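Below is one structure, written out as structure tokens, with a few remarks after it.
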Amino acid sequence: MEKNTTMIPLTTDVPNKKETVCIFGTGDFARSLGHKMMQCGYSIVFGSRGAQTSSLIPEGATVLSHAEAAETSAVIILAVHRTHYSFLENLREVLRGKVLVDVSNNLKINQYPESNAEYLAQLLPGSKVVKAFNTVSAWALQSGALDASRQVFVCGDDSKSKEKVMEIVRSLGLTPLDKGSLLAATEIENYPLQLFPMWKYPIYLSLVLSAFIFFYCVVRDVVYTYAKKQVDRSFFIAISIPNRVCPAVALILLALVYLPGIFAAVLQLYRGTKYRRFPDWLDKWMLCRKQLGLVALAYAFLHVLYTLVIPIRGYVRWRWSSYVIAQVLNNKTEPLNNERAWMSDSYVSLGILGFFLFVLLGITSLPSVSNSVNWREFRFVQSYLGYLTLVLCTAHTLVYGGKRFLNADTYPWCLPSVYILSLIIPCIVLAMKFFLIFPCIDRPLTDIRQGWERTPKGISQINSSHCRSAV
Amino acid sequence: MEKNTTMIPLTTDVPNKKETVCIFGTGDFARSLGHKMMQCGYSIVFGSRGAQTSSLIPEGATVLSHAEAAETSAVIILAVHRTHYSFLENLREVLRGKVLVDVSNNLKINQYPESNAEYLAQLLPGSKVVKAFNTVSAWALQSGALDASRQVFVCGDDSKSKEKVMEIVRSLGLTPLDKGSLLAATEIENYPLQLFPMWKYPIYLSLVLSAFIFFYCVVRDVVYTYAKKQVDRSFFIAISIPNRVCPAVALILLALVYLPGIFAAVLQLYRGTKYRRFPDWLDKWMLCRKQLGLVALAYAFLHVLYTLVIPIRGYVRWRWSSYVIAQVLNNKTEPLNNERAWMSDSYVSLGILGFFLFVLLGITSLPSVSNSVNWREFRFVQSYLGYLTLVLCTAHTLVYGGKRFLNADTYPWCLPSVYILSLIIPCIVLAMKFFLIFPCIDRPLTDIRQGWERTPKGISQINSSHCRSAV
Amino acid sequence: MEKNTTMIPLTTDVPNKKETVCIFGTGDFARSLGHKMMQCGYSIVFGSRGAQTSSLIPEGATVLSHAEAAETSAVIILAVHRTHYSFLENLREVLRGKVLVDVSNNLKINQYPESNAEYLAQLLPGSKVVKAFNTVSAWALQSGALDASRQVFVCGDDSKSKEKVMEIVRSLGLTPLDKGSLLAATEIENYPLQLFPMWKYPIYLSLVLSAFIFFYCVVRDVVYTYAKKQVDRSFFIAISIPNRVCPAVALILLALVYLPGIFAAVLQLYRGTKYRRFPDWLDKWMLCRKQLGLVALAYAFLHVLYTLVIPIRGYVRWRWSSYVIAQVLNNKTEPLNNERAWMSDSYVSLGILGFFLFVLLGITSLPSVSNSVNWREFRFVQSYLGYLTLVLCTAHTLVYGGKRFLNADTYPWCLPSVYILSLIIPCIVLAMKFFLIFPCIDRPLTDIRQGWERTPKGISQINSSHCRSAV
């Protein structure tokens with residue numbers, strides 16, 4: 001301890017003197033964290049096997065043996081691999097009653113049966129283990145560029161130790177987030193290894209759908225045209241076909257956002273209660289609706305761009321000038337077909353309005369925006385405006401089809417157009433929703449969702465008047 | 001108390017043991033909250049009239065009579081309708097000195113003369129009433145999907161009780177927000193019943209303006225064309241007319257964002273002080289400028305989409321091919337009109353730049369972005385860039401009009417074009433702003449805004465040197 | 001003290017009674033802050049030279065002489081210019097041990113050698129100086145419209161005093177941010193005077209680049225055309241030339257986002273360690289990459305708009321109808337050039353995909369979005385998707401050029417097209433990145449970035465096994 005106090009410059013330059021903290025390990029993360037903590041006024045003592053000061057150790061820090069270092073501080077940060085934890089058993093007595101901060105990460109999700117922090121707590125039952133700092137990278141601590149999350153998840157069984165660690169986190173300019181008991185360590189250790197876990201299924205689904213529709217269109221538009229008419233339309237692959245894939249996938253995904261809600265309503269009506277869990281697939285589906293919707297918005301955005309560039313395309317210009325020249329050479333001008341003008345304008349207009357509402361929905365799902373609205377507003381936007389978007393987009397596709405629906409003889413090789421296939425799920429969703437808003441169905445559903453049960457058991461009926469009105 | 005401790009499984013699975021909390025009521029919200037709190041390590045005792053355990057009560061919780069339950073805990077959460085509060089009067093002695101958390105909501109804004117929490121405090125003057133949790137929904141607690149606000153507004157007269165409740169809120173992973181004394185309960189109870197209160201006037205105004213301009217255009221373009229030339233242009237309703245409504249409404253609303261600031265400046269100059277309140281309508285107008293601007297941006301976005309689809313429209317293609325064919329048949333080609341090319345290109349370019357700045361303004365008004373800029377930056381963007389946007393958009397409309405302004409004989413039924421009408425307010429705003437930035441007017445205005453008064457009263461003059469320089 | 005308590009109305013309207021706080025100064029900011037604090041339940045005593053109540057002082061507040069006022073409270077907020085601090089020396093005894101909150105701002109960055117708060121601490125060594133509130137404006141306190149930052153930076157050497165001030169900040173509905181010791185006061189005082197400091201270089205660079213490319217294009221397209229062919233193409237300045245400037249600047253800036261990372265990698269490989277600081281210019285460049293990227297996105301957005309309006313332009317319509325008419329008059333129709341259709345479609349499609357990914361990158365750099373992803377996700381988006389965007393945008397430009405690259409005789413006055421110049425840096429960046437991902441180069445680089453050093457000194461080698469695996 002004396003050694004420590006003499007070595008660290010206690011000048012008036014760091015007047016905001018905070019306690020001494022010990023860090024076990026002198027690896028990259030240990031040094032980065034130590035450096036950062038010294039900047040924030042802490043005295044740092046590194047515990048190391050070698051106990052020699054190296055040029056890499058931040059200037060002003062002390063390096064002692066593990067046992068000596070542990071004695072200098074009530075808080076020991078353990079920046080050591082899990083595989084080396086065994087050496088701590090010899091220090092059991094020194095570490096008794098001290099706060100041990102486990103900052104370790106693994107290489108794979110669920111690499112070990114129990115989390116590193118729980119393993120540590122088993123090794124040293126006399127110490128107070130707190131999990132923290134594992135989501136922060138050494139690079140971020142060094143550069144100060146904390147663009148990604150400033151959140152530091154903290155968990156531990158001893159609330160005073162946890163509070164102490166959260167204090168340190170706060171003083172480093174980071175935001176601690178209490179995740180509860182040490183049971184949460186597994187989740188916290190898996191967190192930095194995850195890569196968009198909620199986005200996995202929506203993105204896979206959209207890719208599979210896109211691939212299927214893409215090849216369907218290649219067969220229908222490129223292969224068929226070549227086989228029947230010997231015309232090479234392979235360049236359709238660049239814009240024309242993507243512009244069929246994107247709207248179809250966007251519409252299907254948007255419908256899939258609202259389908260699980262309909263399943264849930266039917267299930268609740270059938271069961272007569274909301275207190276039985278949904279099947280697992282439905283639960284998962286419900287929880288990734290936001291991601292489904294945002295992927296759908298991305299496809300819709302691409303569709304808009306692909307549509308707006310149409311008049312710039314060389315092929316379209318050529319086709320159109322051929323059309324004008326043909327009219328001239330035949331010496332006849334076509335009059336304006338009013339009905340066709342109506343059709344063309346209204347499907348474009350419906351699409352614009354649908355996309356506009358879709359963008360609004362996307363903006364309200366930004367974390368900072370959705371955080372500043374209340375539940376009633378959130379539900380208004382996501383439910384009412386969401387359904388309005390689905391109605392507009394479905395109408396857009398229906399009007400686009402127009403009269404072409406009926407003459408099936410235009411189907412090459414009996415393959416219907418993609419827009420017809422993409423209408424199936426949206427129409428089912430809208431039809432079922434139409435029935436669900438009938439008062440005779442809506443009323444019992446609302447009651448169920450407010451806690452009412454068709455077959456009351458126990459005291460639920462008695463207390464139904466106690467139930468809060470608003471949800 | 002013994003009954004309680006024996007019934008709740010105190011296994012090592014929940015080592016982070018927190019205190020026992022009592023919940024009165026076993027309705028939907030009571031059970032959801034209890035379930036969530038048990039997940040976070042609390043022991044929950046439900047107080048109920050029946051005092052029987054029902055299948056709906058979360059496993060591990062105890063159900064006791066109200067009086068027994070209240071005795072087990074220092075914090076009682078009251079998940080009961082206001083209309084049933086009267087039964088609490090019999091428990092006055094048991095509840096003395098305890099923290100009573102009112103979570104109730106009403107069905108309508110300002111349903112009762114005083115807030116539920118204040119009513120409760122009057123009923124039980126010996127208890128410490130804290131308002132909290134009313135903005136959280138039972139569904140959100142159950143599903144864990146807290147997409148909407150995680151904020152829990154807390155208010156109460158006793159700061160220690162409030163701190164205790166805020167601790168519970170934090171431990172559930174929610175963010176408490178101290179709103180002060182119990183006087184704030186009315187506001188907190190009204191909050192979840194509101195539906196975009198700040199957006200009401202801007203959206204109504206924009207809808208009224210849209211409807212007026214829409215019918216004006218229908219008369220001018222569809223009815224007139226039909227009456228005079230017997231030509232059916234009804235399909236203009238789909239795109240052409242919306243594309244006149246949107247830019248006009250966007251420009252007018254954008255000007256209305258800056259008009260109240262000009263009124264305020266004139267008023268301050270006239271009064272010679274900034275310490276007298278503005279009239280109420282001006283205050284309200286000032287506070288919804290952001291919303292006005294965002295609605296204007298939405299209209300501008302629609303205008304951009306409606307404009308970019310022009311070349312895709314069937315009608316436009318037809319009109320244009322007719323024009324080419326007519327030239328061919330008359331065997332003459334028109335040379336490029338350089339002036340017209342300038343006009344056409346420059347109004348489009350001005351519009352693009354205006355829209356670009358408008359989008360920038362919109363992005364900086366996102367909560368997370370506006371939170372990360374300082375005042376000087378915020379004012380630079382919202383004031384300088386905002387006026388630049390208005391100048392560019394007004395210039396865009398003026399150049400669009402071009403020479404057509406002057407020949408009034410082209411006005412059908414003496415109705416001027418919409419773009420002329422939409423220019424009135426923006427031009428007034430820009431003209432007045434032009435005068436306000438003259439140094440002889442700007443200097444006294446700046447002084448007034450820094451606290452100077454034309455007719456000093458009392459000590460204000462003496463202390464003017466004390467006044468902070470920067471605002 | 002008695003005087004104080006008798007004058008302030010201690011009604012039950014403000015039951016949440018908080019302590020008395022003294023404010024020195026009665027200027028605009030002092031009154032606004034006092035008013036706001038009284039609304040939140042504090043008793044306010046103004047310390048003033050005059051000690052007279054003026055009509056401007058918020059109702060209910062007391063005005064006393066400085067010495068009398070200071071005695072009423074443990075916390076004194078100093079809303080006085082730095083130039084008047086000297087009067088405080090006479091109050092040294094009264095202020096001993098009290099918390100002095102410095103709220104002052106300067107007119108220029110680094111106006112004085114030391115910060116106002118440090119100067120104050122030197123004047124009154126017996127008082128505990130805390131810097132706070134300087135980022136909040138009087139106007140924001142008055143109107144309650146805190147659209148800009150709610151963050152209040154707090155620093156001070158005494159942690160208890162700091163905690164007390166942070167408590168006050170919190171109770172006013174603002175968010176305190178502990179910035180450490182009083183050394184941070186300089187930074188805090190400079191903060192509100194800054195105008196987008198991180199954006200300065202990226203924006204200057206983009207403006208210089210834009211101006212250069214603009215004049216280059218004017219010479220190449222307008223002056224040359226006029227000099228050689230006597231054709232007036234001056235209207236190209238409105239759209240055609242901006243639409244060459246924007247994509248070129250966007251592509252160059254996007255490449256400049258990734259160039260410093262390549263320099264850093266080369267430097268680390270050359271040095272064999274990551275522990276030596278980069279040169280200053282590289283450090284600065286690394287820190288403004290996000291801003292460079294967002295400026296590039298703004299240019300890309302403008303490029304998209306300028307491209308999509310092409311078919312609406314009067315000049316383009318004229319040129320195209322001339323082309324059709326010429327074909328008709330020559331009585332020949334051009335067949336579809338399949339290769340050209342491929343070229344045209346694929347460069348447009350590449351551009352759309354590049355822009356789409358660019359927008360995605362922009363969205364993930366919104367503070368609220370980047371805060372909700374972990375490091376692995378952030379790096380995936382910013383690094384992998386970022387490079388994919390660069391590849392797509394470079395390919396877009398290359399395919400746009402197509403075969404025109406080779407026939408240099410089309411260069412007017414030997415000036416190559418802008419798109420050729422804009423390809424230089426992106427191609428260098430992609431070529432160097434291509435080498436860096438070779439395993440034989442990537443492996444040592446990864447090791448270095450995890451803390452390994454080519455020339456180990458001291459104990460670094462011994463402890464390398466201690467180093468945390470994940471970064």
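Labeling convention for the structure tokens: chains A, B, ... as they appear, residues from 1 per chain, ligands from 1 in order of appearance.
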Going by DSSP on the backbone, which bits of region 145-280 of chain A are strand (DSSP E or B)? Write them as a ChimeraX atom specification, please. /A:151-156,175-178
Residues within 12 Å of Leu259 (chain C), please, as a CSV table (one decimal) with N, CA and C atoms, in the first residue's frame. Count only C-alpha atoms; anything in the same chain fewer than 6 positions from it doesn't count.
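Below you can see part_10.csv, which holds the result:
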```
chain,number,residue,atom,x,y,z
C,252,ILE,N,-15.7,10.7,-53.8
C,252,ILE,CA,-14.3,11.0,-53.2
C,252,ILE,C,-14.4,11.0,-51.7
C,253,LEU,N,-15.4,11.7,-51.2
C,253,LEU,CA,-15.6,11.7,-49.7
C,253,LEU,C,-15.8,10.3,-49.1
C,265,ALA,N,-3.7,1.0,-40.8
C,265,ALA,CA,-3.3,-0.4,-40.9
C,265,ALA,C,-1.8,-0.6,-41.4
C,266,VAL,N,-1.5,0.2,-42.4
C,266,VAL,CA,-0.1,0.1,-43.0
C,266,VAL,C,0.9,0.6,-41.9
C,282,LEU,N,-3.6,12.1,-38.8
C,282,LEU,CA,-4.3,10.9,-39.0
C,282,LEU,C,-5.3,10.7,-37.9
C,285,TRP,N,-8.2,12.9,-38.6
C,285,TRP,CA,-8.9,12.3,-39.8
C,285,TRP,C,-9.8,11.1,-39.3
C,286,MET,N,-9.2,10.2,-38.5
C,286,MET,CA,-10.0,9.1,-38.0
C,286,MET,C,-11.2,9.5,-37.3
C,289,ARG,N,-14.4,10.7,-39.5
C,289,ARG,CA,-14.9,9.8,-40.5
C,289,ARG,C,-16.4,9.8,-40.6
C,292,LEU,N,-17.5,12.9,-42.4
C,292,LEU,CA,-17.2,12.8,-43.8
C,292,LEU,C,-18.2,11.9,-44.5
C,293,GLY,N,-18.5,10.8,-43.9
C,293,GLY,CA,-19.5,9.9,-44.5
C,293,GLY,C,-20.8,10.5,-44.7
C,387,TYR,N,-17.8,-0.8,-46.9
C,387,TYR,CA,-16.9,-1.2,-48.0
C,387,TYR,C,-17.8,-1.7,-49.2
C,390,LEU,N,-18.9,1.3,-50.9
C,390,LEU,CA,-17.9,1.9,-51.7
C,390,LEU,C,-17.6,1.1,-53.0
C,425,ILE,N,-9.2,8.1,-56.2
C,425,ILE,CA,-9.0,7.8,-54.8
C,425,ILE,C,-9.8,6.5,-54.5
C,426,PRO,N,-11.1,6.3,-54.9
C,426,PRO,CA,-11.7,5.1,-54.6
C,426,PRO,C,-11.0,3.9,-55.1
C,427,CYS,N,-10.4,3.9,-56.3
C,427,CYS,CA,-9.7,2.7,-56.8
C,427,CYS,C,-8.5,2.5,-56.0
C,428,ILE,N,-7.8,3.5,-55.5
C,428,ILE,CA,-6.6,3.3,-54.7
C,428,ILE,C,-7.0,2.6,-53.4
C,429,VAL,N,-8.1,3.2,-52.8
C,429,VAL,CA,-8.5,2.6,-51.5
C,429,VAL,C,-8.9,1.1,-51.6
C,430,LEU,N,-9.7,0.8,-52.7
C,430,LEU,CA,-10.1,-0.6,-52.9
C,430,LEU,C,-9.0,-1.5,-53.2
C,431,ALA,N,-8.0,-1.0,-53.9
C,431,ALA,CA,-6.9,-1.9,-54.3
C,431,ALA,C,-6.1,-2.1,-53.0
C,432,MET,N,-5.8,-1.1,-52.2
C,432,MET,CA,-5.0,-1.4,-50.9
C,432,MET,C,-5.8,-2.3,-50.0
C,433,LYS,N,-7.1,-2.0,-49.9
C,433,LYS,CA,-7.9,-2.9,-49.0
C,433,LYS,C,-7.9,-4.3,-49.5
```
Residues of region 162-231 of chain C in helix (DSSP H, G or I) according to DSSP, as a VMD selection string? chain C and resid 162 to 171 182 to 193 197 to 229
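Using only C-alpha atoms, the protein and nucleic acid residues lying no more than 6 Å from region 42-48 of chain A, apart from those fewer than 3 places from it along its own chain, are Lys18, Glu19, Thr20, Val21, Cys22, Ile23, Phe24, Gly25, Met37, Met38, Ala51, Ala61, Thr62, Val63, Leu64, Ser65, His66 and Ala69 of chain A.
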Those residues with N, CA and C atoms, as a PDB file, in the first residue's frame please?
```pdb
ATOM      1  N   LYS A  18     -10.045   9.856  -6.485  1.00  0.00           N
ATOM      2  CA  LYS A  18     -10.931   8.746  -6.209  1.00  0.00           C
ATOM      3  C   LYS A  18     -10.115   7.597  -5.671  1.00  0.00           C
ATOM      4  N   GLU A  19     -10.776   6.545  -5.306  1.00  0.00           N
ATOM      5  CA  GLU A  19     -10.104   5.423  -4.654  1.00  0.00           C
ATOM      6  C   GLU A  19      -9.140   4.689  -5.601  1.00  0.00           C
ATOM      7  N   THR A  20      -8.370   3.798  -5.017  1.00  0.00           N
ATOM      8  CA  THR A  20      -7.467   2.941  -5.767  1.00  0.00           C
ATOM      9  C   THR A  20      -8.233   1.725  -6.263  1.00  0.00           C
ATOM     10  N   VAL A  21      -8.022   1.358  -7.502  1.00  0.00           N
ATOM     11  CA  VAL A  21      -8.653   0.162  -8.055  1.00  0.00           C
ATOM     12  C   VAL A  21      -7.554  -0.737  -8.587  1.00  0.00           C
ATOM     13  N   CYS A  22      -7.713  -2.021  -8.359  1.00  0.00           N
ATOM     14  CA  CYS A  22      -6.722  -2.996  -8.791  1.00  0.00           C
ATOM     15  C   CYS A  22      -7.222  -3.704 -10.042  1.00  0.00           C
ATOM     16  N   ILE A  23      -6.346  -3.900 -10.999  1.00  0.00           N
ATOM     17  CA  ILE A  23      -6.684  -4.636 -12.213  1.00  0.00           C
ATOM     18  C   ILE A  23      -5.758  -5.839 -12.308  1.00  0.00           C
ATOM     19  N   PHE A  24      -6.314  -7.045 -12.386  1.00  0.00           N
ATOM     20  CA  PHE A  24      -5.525  -8.265 -12.590  1.00  0.00           C
ATOM     21  C   PHE A  24      -5.357  -8.461 -14.085  1.00  0.00           C
ATOM     22  N   GLY A  25      -4.127  -8.657 -14.512  1.00  0.00           N
ATOM     23  CA  GLY A  25      -3.853  -8.838 -15.935  1.00  0.00           C
ATOM     24  C   GLY A  25      -3.290  -7.558 -16.508  1.00  0.00           C
ATOM     25  N   MET A  37      -9.230   4.784 -16.659  1.00  0.00           N
ATOM     26  CA  MET A  37      -9.607   5.037 -15.272  1.00  0.00           C
ATOM     27  C   MET A  37      -8.663   6.049 -14.634  1.00  0.00           C
ATOM     28  N   MET A  38      -7.373   5.988 -15.018  1.00  0.00           N
ATOM     29  CA  MET A  38      -6.436   6.972 -14.476  1.00  0.00           C
ATOM     30  C   MET A  38      -6.773   8.368 -14.972  1.00  0.00           C
ATOM     31  N   ALA A  51       5.068  -8.862 -12.224  1.00  0.00           N
ATOM     32  CA  ALA A  51       5.219  -7.748 -11.293  1.00  0.00           C
ATOM     33  C   ALA A  51       6.326  -6.782 -11.707  1.00  0.00           C
ATOM     34  N   ALA A  61       0.915   4.144 -13.254  1.00  0.00           N
ATOM     35  CA  ALA A  61       0.296   2.984 -12.618  1.00  0.00           C
ATOM     36  C   ALA A  61       1.371   2.123 -11.959  1.00  0.00           C
ATOM     37  N   THR A  62       0.978   1.350 -10.974  1.00  0.00           N
ATOM     38  CA  THR A  62       1.888   0.468 -10.268  1.00  0.00           C
ATOM     39  C   THR A  62       1.663  -0.949 -10.745  1.00  0.00           C
ATOM     40  N   VAL A  63       2.699  -1.756 -10.805  1.00  0.00           N
ATOM     41  CA  VAL A  63       2.527  -3.180 -11.070  1.00  0.00           C
ATOM     42  C   VAL A  63       3.054  -3.948  -9.874  1.00  0.00           C
ATOM     43  N   LEU A  64       2.197  -4.770  -9.304  1.00  0.00           N
ATOM     44  CA  LEU A  64       2.591  -5.580  -8.145  1.00  0.00           C
ATOM     45  C   LEU A  64       2.248  -7.027  -8.440  1.00  0.00           C
ATOM     46  N   SER A  65       2.639  -7.915  -7.534  1.00  0.00           N
ATOM     47  CA  SER A  65       2.185  -9.303  -7.671  1.00  0.00           C
ATOM     48  C   SER A  65       0.687  -9.329  -7.387  1.00  0.00           C
ATOM     49  N   HIS A  66       0.042 -10.412  -7.806  1.00  0.00           N
ATOM     50  CA  HIS A  66      -1.407 -10.484  -7.639  1.00  0.00           C
ATOM     51  C   HIS A  66      -1.826 -10.245  -6.199  1.00  0.00           C
ATOM     52  N   ALA A  69      -1.173  -6.650  -5.045  1.00  0.00           N
ATOM     53  CA  ALA A  69      -2.080  -5.724  -5.722  1.00  0.00           C
ATOM     54  C   ALA A  69      -3.477  -5.808  -5.122  1.00  0.00           C
TER      55      ALA A  69
END
```
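Residues with any atom within 8 Å of Gly156 (chain B), counting only C-alpha atoms and excluding same-chain neighbours fewer than 2 positions away, are B:Lys128, B:Val129, B:Val130, B:Lys131, B:Val154, B:Asp158, B:Ser159, B:Ser161, B:Lys162, B:Gly180, B:Ser181, B:Leu182, C:Asn16.
Near region 76-86 of chain A, within a cut-off of 7 Å and counting only C-alpha atoms, sit the residues Val21, Cys22, Ile23, Phe24, Gly25, Phe29, Ala30, Ala70, Val99, Leu100, Val101, Asp102, Val103, Ser104 and Asn116 of chain A; His466, Cys467 and Arg468 of chain C, with same-chain residues fewer than 6 positions away left out.
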What lies within 12 Å of Arg170 (chain C) using only C-alpha atoms, ignoring chain neighbours under 2 positions off, as a ChimeraX atom specification? /B:176-180 /C:37,40,133,150-154,163-168,172-177
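For the pair CA of Ile352 (chain C) and CA of Leu388 (chain A), the separation is 27.7 Å.
Here CA of Ser372 (chain A) is placed at a distance of 23.1 Å from CA of Ser115 (chain B).
Checking B:Phe263, B:Tyr299, B:Trp375, B:Tyr306 one by one against Ala238 (chain B), counting only C-alpha atoms, you find the shortest gap at B:Tyr306.
Here CA of Gln230 (chain A) is placed at a distance of 23.5 Å from CA of Ile325 (chain A).
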